[in-house]
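Engineer: I am sharing run-v4.pdb, which consists of PDB, N, CA and C atoms, pLDDT in the B column:
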```
ATOM      1  N   MET C   1     -11.176   5.456  25.965  1.00 78.00           N
ATOM      2  CA  MET C   1      -9.986   4.731  26.359  1.00 78.00           C
ATOM      3  C   MET C   1      -9.011   5.690  27.035  1.00 78.00           C
ATOM      4  N   SER C   2      -8.231   5.155  27.938  1.00 84.00           N
ATOM      5  CA  SER C   2      -7.280   5.996  28.645  1.00 84.00           C
ATOM      6  C   SER C   2      -6.012   6.192  27.817  1.00 84.00           C
ATOM      7  N   GLU C   3      -5.225   7.147  28.239  1.00 86.00           N
ATOM      8  CA  GLU C   3      -3.968   7.425  27.548  1.00 86.00           C
ATOM      9  C   GLU C   3      -3.034   6.219  27.627  1.00 86.00           C
ATOM     10  N   THR C   4      -3.062   5.535  28.760  1.00 88.00           N
ATOM     11  CA  THR C   4      -2.209   4.349  28.933  1.00 88.00           C
ATOM     12  C   THR C   4      -2.581   3.259  27.936  1.00 88.00           C
ATOM     13  N   ALA C   5      -3.864   3.063  27.703  1.00 91.00           N
ATOM     14  CA  ALA C   5      -4.307   2.039  26.752  1.00 91.00           C
ATOM     15  C   ALA C   5      -3.816   2.361  25.339  1.00 91.00           C
ATOM     16  N   PHE C   6      -3.844   3.637  24.981  1.00 90.00           N
ATOM     17  CA  PHE C   6      -3.363   4.030  23.657  1.00 90.00           C
ATOM     18  C   PHE C   6      -1.856   3.817  23.537  1.00 90.00           C
ATOM     19  N   VAL C   7      -1.118   4.089  24.618  1.00 92.00           N
ATOM     20  CA  VAL C   7       0.333   3.885  24.595  1.00 92.00           C
ATOM     21  C   VAL C   7       0.654   2.399  24.441  1.00 92.00           C
ATOM     22  N   VAL C   8      -0.046   1.552  25.182  1.00 93.00           N
ATOM     23  CA  VAL C   8       0.176   0.106  25.089  1.00 93.00           C
ATOM     24  C   VAL C   8      -0.197  -0.392  23.689  1.00 93.00           C
ATOM     25  N   LEU C   9      -1.301   0.088  23.163  1.00 93.00           N
ATOM     26  CA  LEU C   9      -1.715  -0.307  21.817  1.00 93.00           C
ATOM     27  C   LEU C   9      -0.663   0.088  20.780  1.00 93.00           C
ATOM     28  N   ALA C  10      -0.136   1.295  20.893  1.00 93.00           N
ATOM     29  CA  ALA C  10       0.905   1.739  19.964  1.00 93.00           C
ATOM     30  C   ALA C  10       2.189   0.928  20.146  1.00 93.00           C
ATOM     31  N   ALA C  11       2.504   0.572  21.393  1.00 95.00           N
ATOM     32  CA  ALA C  11       3.711  -0.218  21.662  1.00 95.00           C
ATOM     33  C   ALA C  11       3.587  -1.632  21.097  1.00 95.00           C
ATOM     34  N   VAL C  12       2.385  -2.141  21.004  1.00 95.00           N
ATOM     35  CA  VAL C  12       2.162  -3.481  20.439  1.00 95.00           C
ATOM     36  C   VAL C  12       2.099  -3.414  18.914  1.00 95.00           C
ATOM     37  N   LEU C  13       1.391  -2.426  18.392  1.00 94.00           N
ATOM     38  CA  LEU C  13       1.214  -2.327  16.938  1.00 94.00           C
ATOM     39  C   LEU C  13       2.484  -1.923  16.208  1.00 94.00           C
ATOM     40  N   GLY C  14       3.318  -1.106  16.837  1.00 95.00           N
ATOM     41  CA  GLY C  14       4.538  -0.628  16.185  1.00 95.00           C
ATOM     42  C   GLY C  14       5.463  -1.750  15.732  1.00 95.00           C
ATOM     43  N   PRO C  15       5.877  -2.648  16.634  1.00 96.00           N
ATOM     44  CA  PRO C  15       6.757  -3.742  16.201  1.00 96.00           C
ATOM     45  C   PRO C  15       6.099  -4.708  15.217  1.00 96.00           C
ATOM     46  N   ILE C  16       4.804  -4.929  15.362  1.00 96.00           N
ATOM     47  CA  ILE C  16       4.102  -5.808  14.417  1.00 96.00           C
ATOM     48  C   ILE C  16       4.133  -5.193  13.022  1.00 96.00           C
ATOM     49  N   TRP C  17       3.846  -3.909  12.951  1.00 96.00           N
ATOM     50  CA  TRP C  17       3.858  -3.206  11.670  1.00 96.00           C
ATOM     51  C   TRP C  17       5.248  -3.253  11.046  1.00 96.00           C
ATOM     52  N   LEU C  18       6.272  -3.015  11.858  1.00 97.00           N
ATOM     53  CA  LEU C  18       7.642  -3.060  11.370  1.00 97.00           C
ATOM     54  C   LEU C  18       8.006  -4.455  10.865  1.00 97.00           C
ATOM     55  N   ALA C  19       7.602  -5.495  11.584  1.00 97.00           N
ATOM     56  CA  ALA C  19       7.892  -6.869  11.168  1.00 97.00           C
ATOM     57  C   ALA C  19       7.217  -7.194   9.834  1.00 97.00           C
ATOM     58  N   VAL C  20       5.979  -6.761   9.663  1.00 97.00           N
ATOM     59  CA  VAL C  20       5.270  -6.999   8.400  1.00 97.00           C
ATOM     60  C   VAL C  20       5.995  -6.296   7.251  1.00 97.00           C
ATOM     61  N   LEU C  21       6.452  -5.070   7.482  1.00 96.00           N
ATOM     62  CA  LEU C  21       7.167  -4.348   6.431  1.00 96.00           C
ATOM     63  C   LEU C  21       8.484  -5.027   6.074  1.00 96.00           C
ATOM     64  N   VAL C  22       9.187  -5.535   7.079  1.00 97.00           N
ATOM     65  CA  VAL C  22      10.460  -6.212   6.809  1.00 97.00           C
ATOM     66  C   VAL C  22      10.229  -7.497   6.023  1.00 97.00           C
ATOM     67  N   VAL C  23       9.247  -8.282   6.430  1.00 96.00           N
ATOM     68  CA  VAL C  23       8.952  -9.537   5.724  1.00 96.00           C
ATOM     69  C   VAL C  23       8.512  -9.245   4.300  1.00 96.00           C
ATOM     70  N   ARG C  24       7.692  -8.234   4.111  1.00 95.00           N
ATOM     71  CA  ARG C  24       7.222  -7.873   2.766  1.00 95.00           C
ATOM     72  C   ARG C  24       8.393  -7.441   1.891  1.00 95.00           C
ATOM     73  N   THR C  25       9.314  -6.657   2.454  1.00 93.00           N
ATOM     74  CA  THR C  25      10.459  -6.186   1.697  1.00 93.00           C
ATOM     75  C   THR C  25      11.378  -7.343   1.310  1.00 93.00           C
ATOM     76  N   VAL C  26      11.610  -8.257   2.237  1.00 94.00           N
ATOM     77  CA  VAL C  26      12.463  -9.406   1.944  1.00 94.00           C
ATOM     78  C   VAL C  26      11.846 -10.273   0.850  1.00 94.00           C
ATOM     79  N   LEU C  27      10.548 -10.532   0.941  1.00 93.00           N
ATOM     80  CA  LEU C  27       9.884 -11.330  -0.092  1.00 93.00           C
ATOM     81  C   LEU C  27       9.921 -10.631  -1.450  1.00 93.00           C
ATOM     82  N   ALA C  28       9.739  -9.312  -1.448  1.00 91.00           N
ATOM     83  CA  ALA C  28       9.776  -8.569  -2.713  1.00 91.00           C
ATOM     84  C   ALA C  28      11.177  -8.602  -3.317  1.00 91.00           C
ATOM     85  N   GLU C  29      12.199  -8.502  -2.473  1.00 90.00           N
ATOM     86  CA  GLU C  29      13.572  -8.562  -2.982  1.00 90.00           C
ATOM     87  C   GLU C  29      13.880  -9.948  -3.559  1.00 90.00           C
ATOM     88  N   LYS C  30      13.370 -10.992  -2.927  1.00 90.00           N
ATOM     89  CA  LYS C  30      13.596 -12.344  -3.434  1.00 90.00           C
ATOM     90  C   LYS C  30      12.873 -12.567  -4.758  1.00 90.00           C
ATOM     91  N   ALA C  31      11.706 -11.934  -4.924  1.00 88.00           N
ATOM     92  CA  ALA C  31      10.918 -12.113  -6.143  1.00 88.00           C
ATOM     93  C   ALA C  31      11.446 -11.268  -7.298  1.00 88.00           C
ATOM     94  N   ALA C  32      12.259 -10.254  -6.980  1.00 88.00           N
ATOM     95  CA  ALA C  32      12.756  -9.347  -8.021  1.00 88.00           C
ATOM     96  C   ALA C  32      13.789 -10.050  -8.896  1.00 88.00           C
ATOM     97  N   GLU C  33      13.728  -9.728 -10.175  1.00 87.00           N
ATOM     98  CA  GLU C  33      14.709 -10.231 -11.136  1.00 87.00           C
ATOM     99  C   GLU C  33      15.371  -9.022 -11.787  1.00 87.00           C
ATOM    100  N   PRO C  34      16.680  -9.060 -11.922  1.00 87.00           N
ATOM    101  CA  PRO C  34      17.389  -7.896 -12.496  1.00 87.00           C
ATOM    102  C   PRO C  34      16.876  -7.553 -13.890  1.00 87.00           C
ATOM    103  N   GLY C  35      16.607  -6.272 -14.095  1.00 87.00           N
ATOM    104  CA  GLY C  35      16.195  -5.797 -15.411  1.00 87.00           C
ATOM    105  C   GLY C  35      14.712  -5.923 -15.697  1.00 87.00           C
ATOM    106  N   LEU C  36      13.945  -6.510 -14.793  1.00 85.00           N
ATOM    107  CA  LEU C  36      12.509  -6.667 -15.000  1.00 85.00           C
ATOM    108  C   LEU C  36      11.747  -5.879 -13.948  1.00 85.00           C
ATOM    109  N   PRO C  37      10.539  -5.423 -14.275  1.00 85.00           N
ATOM    110  CA  PRO C  37       9.732  -4.735 -13.269  1.00 85.00           C
ATOM    111  C   PRO C  37       9.344  -5.696 -12.140  1.00 85.00           C
ATOM    112  N   LEU C  38       9.100  -5.136 -10.964  1.00 82.00           N
ATOM    113  CA  LEU C  38       8.758  -5.944  -9.799  1.00 82.00           C
ATOM    114  C   LEU C  38       7.427  -6.662 -10.012  1.00 82.00           C
ATOM    115  N   ARG C  39       7.446  -7.970  -9.803  1.00 84.00           N
ATOM    116  CA  ARG C  39       6.212  -8.761  -9.839  1.00 84.00           C
ATOM    117  C   ARG C  39       5.674  -8.827  -8.426  1.00 84.00           C
ATOM    118  N   ARG C  40       4.472  -8.303  -8.239  1.00 87.00           N
ATOM    119  CA  ARG C  40       3.849  -8.359  -6.916  1.00 87.00           C
ATOM    120  C   ARG C  40       3.040  -9.643  -6.840  1.00 87.00           C
ATOM    121  N   THR C  41       3.614 -10.640  -6.211  1.00 90.00           N
ATOM    122  CA  THR C  41       2.932 -11.916  -6.064  1.00 90.00           C
ATOM    123  C   THR C  41       1.811 -11.775  -5.045  1.00 90.00           C
ATOM    124  N   ARG C  42       0.986 -12.795  -4.941  1.00 94.00           N
ATOM    125  CA  ARG C  42      -0.145 -12.750  -4.018  1.00 94.00           C
ATOM    126  C   ARG C  42       0.297 -12.532  -2.566  1.00 94.00           C
ATOM    127  N   PRO C  43       1.344 -13.223  -2.059  1.00 93.00           N
ATOM    128  CA  PRO C  43       1.766 -12.951  -0.678  1.00 93.00           C
ATOM    129  C   PRO C  43       2.241 -11.506  -0.468  1.00 93.00           C
ATOM    130  N   ILE C  44       2.898 -10.944  -1.464  1.00 94.00           N
ATOM    131  CA  ILE C  44       3.357  -9.559  -1.333  1.00 94.00           C
ATOM    132  C   ILE C  44       2.170  -8.611  -1.301  1.00 94.00           C
ATOM    133  N   ARG C  45       1.180  -8.849  -2.147  1.00 95.00           N
ATOM    134  CA  ARG C  45      -0.019  -8.000  -2.137  1.00 95.00           C
ATOM    135  C   ARG C  45      -0.765  -8.105  -0.816  1.00 95.00           C
ATOM    136  N   ARG C  46      -0.849  -9.313  -0.263  1.00 96.00           N
ATOM    137  CA  ARG C  46      -1.521  -9.483   1.027  1.00 96.00           C
ATOM    138  C   ARG C  46      -0.765  -8.769   2.137  1.00 96.00           C
ATOM    139  N   LEU C  47       0.554  -8.860   2.105  1.00 96.00           N
ATOM    140  CA  LEU C  47       1.355  -8.155   3.109  1.00 96.00           C
ATOM    141  C   LEU C  47       1.236  -6.642   2.949  1.00 96.00           C
ATOM    142  N   ASP C  48       1.062  -6.156   1.716  1.00 95.00           N
ATOM    143  CA  ASP C  48       0.813  -4.731   1.505  1.00 95.00           C
ATOM    144  C   ASP C  48      -0.466  -4.296   2.214  1.00 95.00           C
ATOM    145  N   VAL C  49      -1.510  -5.096   2.084  1.00 97.00           N
ATOM    146  CA  VAL C  49      -2.787  -4.768   2.719  1.00 97.00           C
ATOM    147  C   VAL C  49      -2.659  -4.849   4.242  1.00 97.00           C
ATOM    148  N   VAL C  50      -1.987  -5.884   4.736  1.00 97.00           N
ATOM    149  CA  VAL C  50      -1.800  -6.030   6.185  1.00 97.00           C
ATOM    150  C   VAL C  50      -1.002  -4.851   6.731  1.00 97.00           C
ATOM    151  N   ALA C  51       0.044  -4.442   6.024  1.00 96.00           N
ATOM    152  CA  ALA C  51       0.844  -3.298   6.461  1.00 96.00           C
ATOM    153  C   ALA C  51       0.013  -2.020   6.462  1.00 96.00           C
ATOM    154  N   LEU C  52      -0.848  -1.862   5.479  1.00 97.00           N
ATOM    155  CA  LEU C  52      -1.718  -0.692   5.431  1.00 97.00           C
ATOM    156  C   LEU C  52      -2.677  -0.681   6.621  1.00 97.00           C
ATOM    157  N   VAL C  53      -3.245  -1.822   6.941  1.00 97.00           N
ATOM    158  CA  VAL C  53      -4.179  -1.908   8.070  1.00 97.00           C
ATOM    159  C   VAL C  53      -3.463  -1.613   9.386  1.00 97.00           C
ATOM    160  N   PHE C  54      -2.325  -2.266   9.619  1.00 96.00           N
ATOM    161  CA  PHE C  54      -1.595  -2.039  10.867  1.00 96.00           C
ATOM    162  C   PHE C  54      -1.072  -0.606  10.951  1.00 96.00           C
ATOM    163  N   GLY C  55      -0.628  -0.056   9.837  1.00 96.00           N
ATOM    164  CA  GLY C  55      -0.173   1.338   9.832  1.00 96.00           C
ATOM    165  C   GLY C  55      -1.291   2.305  10.175  1.00 96.00           C
ATOM    166  N   THR C  56      -2.473   2.045   9.633  1.00 97.00           N
ATOM    167  CA  THR C  56      -3.628   2.891   9.933  1.00 97.00           C
ATOM    168  C   THR C  56      -4.023   2.773  11.399  1.00 97.00           C
ATOM    169  N   LEU C  57      -4.043   1.555  11.924  1.00 95.00           N
ATOM    170  CA  LEU C  57      -4.374   1.361  13.343  1.00 95.00           C
ATOM    171  C   LEU C  57      -3.342   2.034  14.250  1.00 95.00           C
ATOM    172  N   LEU C  58      -2.078   1.937  13.877  1.00 95.00           N
ATOM    173  CA  LEU C  58      -1.025   2.588  14.654  1.00 95.00           C
ATOM    174  C   LEU C  58      -1.200   4.098  14.636  1.00 95.00           C
ATOM    175  N   PHE C  59      -1.478   4.652  13.480  1.00 96.00           N
ATOM    176  CA  PHE C  59      -1.716   6.091  13.371  1.00 96.00           C
ATOM    177  C   PHE C  59      -2.904   6.516  14.228  1.00 96.00           C
ATOM    178  N   LEU C  60      -3.991   5.752  14.170  1.00 95.00           N
ATOM    179  CA  LEU C  60      -5.171   6.088  14.973  1.00 95.00           C
ATOM    180  C   LEU C  60      -4.887   5.968  16.465  1.00 95.00           C
ATOM    181  N   ALA C  61      -4.077   4.999  16.862  1.00 94.00           N
ATOM    182  CA  ALA C  61      -3.714   4.859  18.271  1.00 94.00           C
ATOM    183  C   ALA C  61      -2.900   6.068  18.734  1.00 94.00           C
ATOM    184  N   LEU C  62      -2.002   6.545  17.888  1.00 93.00           N
ATOM    185  CA  LEU C  62      -1.206   7.710  18.264  1.00 93.00           C
ATOM    186  C   LEU C  62      -2.055   8.982  18.307  1.00 93.00           C
ATOM    187  N   VAL C  63      -2.980   9.118  17.379  1.00 95.00           N
ATOM    188  CA  VAL C  63      -3.890  10.264  17.412  1.00 95.00           C
ATOM    189  C   VAL C  63      -4.785  10.182  18.644  1.00 95.00           C
ATOM    190  N   GLY C  64      -5.276   8.979  18.971  1.00 93.00           N
ATOM    191  CA  GLY C  64      -6.095   8.800  20.164  1.00 93.00           C
ATOM    192  C   GLY C  64      -5.333   9.139  21.429  1.00 93.00           C
ATOM    193  N   ARG C  65      -4.046   8.808  21.460  1.00 92.00           N
ATOM    194  CA  ARG C  65      -3.235   9.140  22.628  1.00 92.00           C
ATOM    195  C   ARG C  65      -3.119  10.655  22.774  1.00 92.00           C
ATOM    196  N   MET C  66      -2.917  11.361  21.664  1.00 93.00           N
ATOM    197  CA  MET C  66      -2.818  12.810  21.738  1.00 93.00           C
ATOM    198  C   MET C  66      -4.130  13.431  22.211  1.00 93.00           C
ATOM    199  N   ILE C  67      -5.245  12.900  21.725  1.00 92.00           N
ATOM    200  CA  ILE C  67      -6.548  13.424  22.135  1.00 92.00           C
ATOM    201  C   ILE C  67      -6.797  13.116  23.611  1.00 92.00           C
ATOM    202  N   ALA C  68      -6.428  11.910  24.058  1.00 89.00           N
ATOM    203  CA  ALA C  68      -6.600  11.545  25.460  1.00 89.00           C
ATOM    204  C   ALA C  68      -5.724  12.408  26.361  1.00 89.00           C
ATOM    205  N   ALA C  69      -4.538  12.779  25.881  1.00 89.00           N
ATOM    206  CA  ALA C  69      -3.650  13.628  26.673  1.00 89.00           C
ATOM    207  C   ALA C  69      -4.206  15.046  26.818  1.00 89.00           C
ATOM    208  N   LEU C  70      -4.925  15.502  25.804  1.00 90.00           N
ATOM    209  CA  LEU C  70      -5.497  16.853  25.857  1.00 90.00           C
ATOM    210  C   LEU C  70      -6.768  16.922  26.692  1.00 90.00           C
ATOM    211  N   ALA C  71      -7.448  15.801  26.786  1.00 82.00           N
ATOM    212  CA  ALA C  71      -8.747  15.800  27.500  1.00 82.00           C
ATOM    213  C   ALA C  71      -8.569  15.694  28.995  1.00 82.00           C
TER     214      ALA C  71
END
```
As structure tokens, what does this structure read like?

Structural biologist:
Amino acid sequence: MSETAFVVLAAVLGPIWLAVLVVRTVLAEKAAEPGLPLRRTRPIRRLDVVALVFGTLLFLALVGRMIAALA
């Protein structure tokens, strides 16, 4: 893949990853009850996995861009 493709991929994945993290945080804050440990409901757990996947893809896109720039 070219360096441009990696830049575009990172530009697309970055905001998606950020949006997933914001939605997950808002849902977790709504589910929290004062004085009790955080209950990770099924939607929060799924968003955790989605955030992990998008974060990993974003990291790989940035590493690929660096490798493409060196080659």

Engineer: Starting from the PyMOL selection byres ((chain C and resi 48-58) around 7), expand the selection into actual residues of this file and give them as a PyMOL selection string.

Structural biologist: chain C and resi 9-10+13-14+16-17+20-21+24+43-47+59-63

Engineer: Hey, can you spit out that residue selection with N, CA and C atoms as a PDB file, in the coordinates of the input?

Structural biologist:
```pdb
ATOM      1  N   LEU C   9      -1.301   0.088  23.163  1.00 93.00           N
ATOM      2  CA  LEU C   9      -1.715  -0.307  21.817  1.00 93.00           C
ATOM      3  C   LEU C   9      -0.663   0.088  20.780  1.00 93.00           C
ATOM      4  N   ALA C  10      -0.136   1.295  20.893  1.00 93.00           N
ATOM      5  CA  ALA C  10       0.905   1.739  19.964  1.00 93.00           C
ATOM      6  C   ALA C  10       2.189   0.928  20.146  1.00 93.00           C
ATOM      7  N   LEU C  13       1.391  -2.426  18.392  1.00 94.00           N
ATOM      8  CA  LEU C  13       1.214  -2.327  16.938  1.00 94.00           C
ATOM      9  C   LEU C  13       2.484  -1.923  16.208  1.00 94.00           C
ATOM     10  N   GLY C  14       3.318  -1.106  16.837  1.00 95.00           N
ATOM     11  CA  GLY C  14       4.538  -0.628  16.185  1.00 95.00           C
ATOM     12  C   GLY C  14       5.463  -1.750  15.732  1.00 95.00           C
ATOM     13  N   ILE C  16       4.804  -4.929  15.362  1.00 96.00           N
ATOM     14  CA  ILE C  16       4.102  -5.808  14.417  1.00 96.00           C
ATOM     15  C   ILE C  16       4.133  -5.193  13.022  1.00 96.00           C
ATOM     16  N   TRP C  17       3.846  -3.909  12.951  1.00 96.00           N
ATOM     17  CA  TRP C  17       3.858  -3.206  11.670  1.00 96.00           C
ATOM     18  C   TRP C  17       5.248  -3.253  11.046  1.00 96.00           C
ATOM     19  N   VAL C  20       5.979  -6.761   9.663  1.00 97.00           N
ATOM     20  CA  VAL C  20       5.270  -6.999   8.400  1.00 97.00           C
ATOM     21  C   VAL C  20       5.995  -6.296   7.251  1.00 97.00           C
ATOM     22  N   LEU C  21       6.452  -5.070   7.482  1.00 96.00           N
ATOM     23  CA  LEU C  21       7.167  -4.348   6.431  1.00 96.00           C
ATOM     24  C   LEU C  21       8.484  -5.027   6.074  1.00 96.00           C
ATOM     25  N   ARG C  24       7.692  -8.234   4.111  1.00 95.00           N
ATOM     26  CA  ARG C  24       7.222  -7.873   2.766  1.00 95.00           C
ATOM     27  C   ARG C  24       8.393  -7.441   1.891  1.00 95.00           C
ATOM     28  N   PRO C  43       1.344 -13.223  -2.059  1.00 93.00           N
ATOM     29  CA  PRO C  43       1.766 -12.951  -0.678  1.00 93.00           C
ATOM     30  C   PRO C  43       2.241 -11.506  -0.468  1.00 93.00           C
ATOM     31  N   ILE C  44       2.898 -10.944  -1.464  1.00 94.00           N
ATOM     32  CA  ILE C  44       3.357  -9.559  -1.333  1.00 94.00           C
ATOM     33  C   ILE C  44       2.170  -8.611  -1.301  1.00 94.00           C
ATOM     34  N   ARG C  45       1.180  -8.849  -2.147  1.00 95.00           N
ATOM     35  CA  ARG C  45      -0.019  -8.000  -2.137  1.00 95.00           C
ATOM     36  C   ARG C  45      -0.765  -8.105  -0.816  1.00 95.00           C
ATOM     37  N   ARG C  46      -0.849  -9.313  -0.263  1.00 96.00           N
ATOM     38  CA  ARG C  46      -1.521  -9.483   1.027  1.00 96.00           C
ATOM     39  C   ARG C  46      -0.765  -8.769   2.137  1.00 96.00           C
ATOM     40  N   LEU C  47       0.554  -8.860   2.105  1.00 96.00           N
ATOM     41  CA  LEU C  47       1.355  -8.155   3.109  1.00 96.00           C
ATOM     42  C   LEU C  47       1.236  -6.642   2.949  1.00 96.00           C
ATOM     43  N   PHE C  59      -1.478   4.652  13.480  1.00 96.00           N
ATOM     44  CA  PHE C  59      -1.716   6.091  13.371  1.00 96.00           C
ATOM     45  C   PHE C  59      -2.904   6.516  14.228  1.00 96.00           C
ATOM     46  N   LEU C  60      -3.991   5.752  14.170  1.00 95.00           N
ATOM     47  CA  LEU C  60      -5.171   6.088  14.973  1.00 95.00           C
ATOM     48  C   LEU C  60      -4.887   5.968  16.465  1.00 95.00           C
ATOM     49  N   ALA C  61      -4.077   4.999  16.862  1.00 94.00           N
ATOM     50  CA  ALA C  61      -3.714   4.859  18.271  1.00 94.00           C
ATOM     51  C   ALA C  61      -2.900   6.068  18.734  1.00 94.00           C
ATOM     52  N   LEU C  62      -2.002   6.545  17.888  1.00 93.00           N
ATOM     53  CA  LEU C  62      -1.206   7.710  18.264  1.00 93.00           C
ATOM     54  C   LEU C  62      -2.055   8.982  18.307  1.00 93.00           C
ATOM     55  N   VAL C  63      -2.980   9.118  17.379  1.00 95.00           N
ATOM     56  CA  VAL C  63      -3.890  10.264  17.412  1.00 95.00           C
ATOM     57  C   VAL C  63      -4.785  10.182  18.644  1.00 95.00           C
TER      58      VAL C  63
END
```

Engineer: Rounded to one decimal place, report the atom CA of C:Thr25-atom CA of C:Val12 distance in Å.

Structural biologist: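 Interatomic distance here is 20.7 Å.
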
Engineer: What does the distance between atom C of C:Thr41 and atom CA of C:Val22 come to in Å, to one decimal place?

Structural biologist: 15.7 Å

Engineer: Report the distance between atom C of C:Pro15 and atom N of C:Arg65 in Å, rounded to one decimal place.

Structural biologist: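 Spanning atom C of C:Pro15 to atom N of C:Arg65 is a straight-line distance of 18.0 Å.
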
Engineer: Based on DSSP run over this structure's backbone, return all residues of chain C in alpha helix (DSSP H), as a ChimeraX atom specification.

Structural biologist: /C:3-31,42-70

Engineer: Excluding C:Ala68 and its own-chain neighbours fewer than 3 positions away, which residues fall within 7 Å of it when counting only N, CA and C atoms? Please give them as a list in words.

Structural biologist: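 So, after excluding close chain neighbours, the residues are Met1, Ser2, Glu3, Val63, Gly64, Arg65 and Ala71 of chain C.
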
Engineer: Which residue gives the smallest distance to C:Arg42 among C:Leu27, C:Ala69, C:Ala11, C:Leu18, with only C-alpha atoms counted?

Structural biologist: C:Leu27
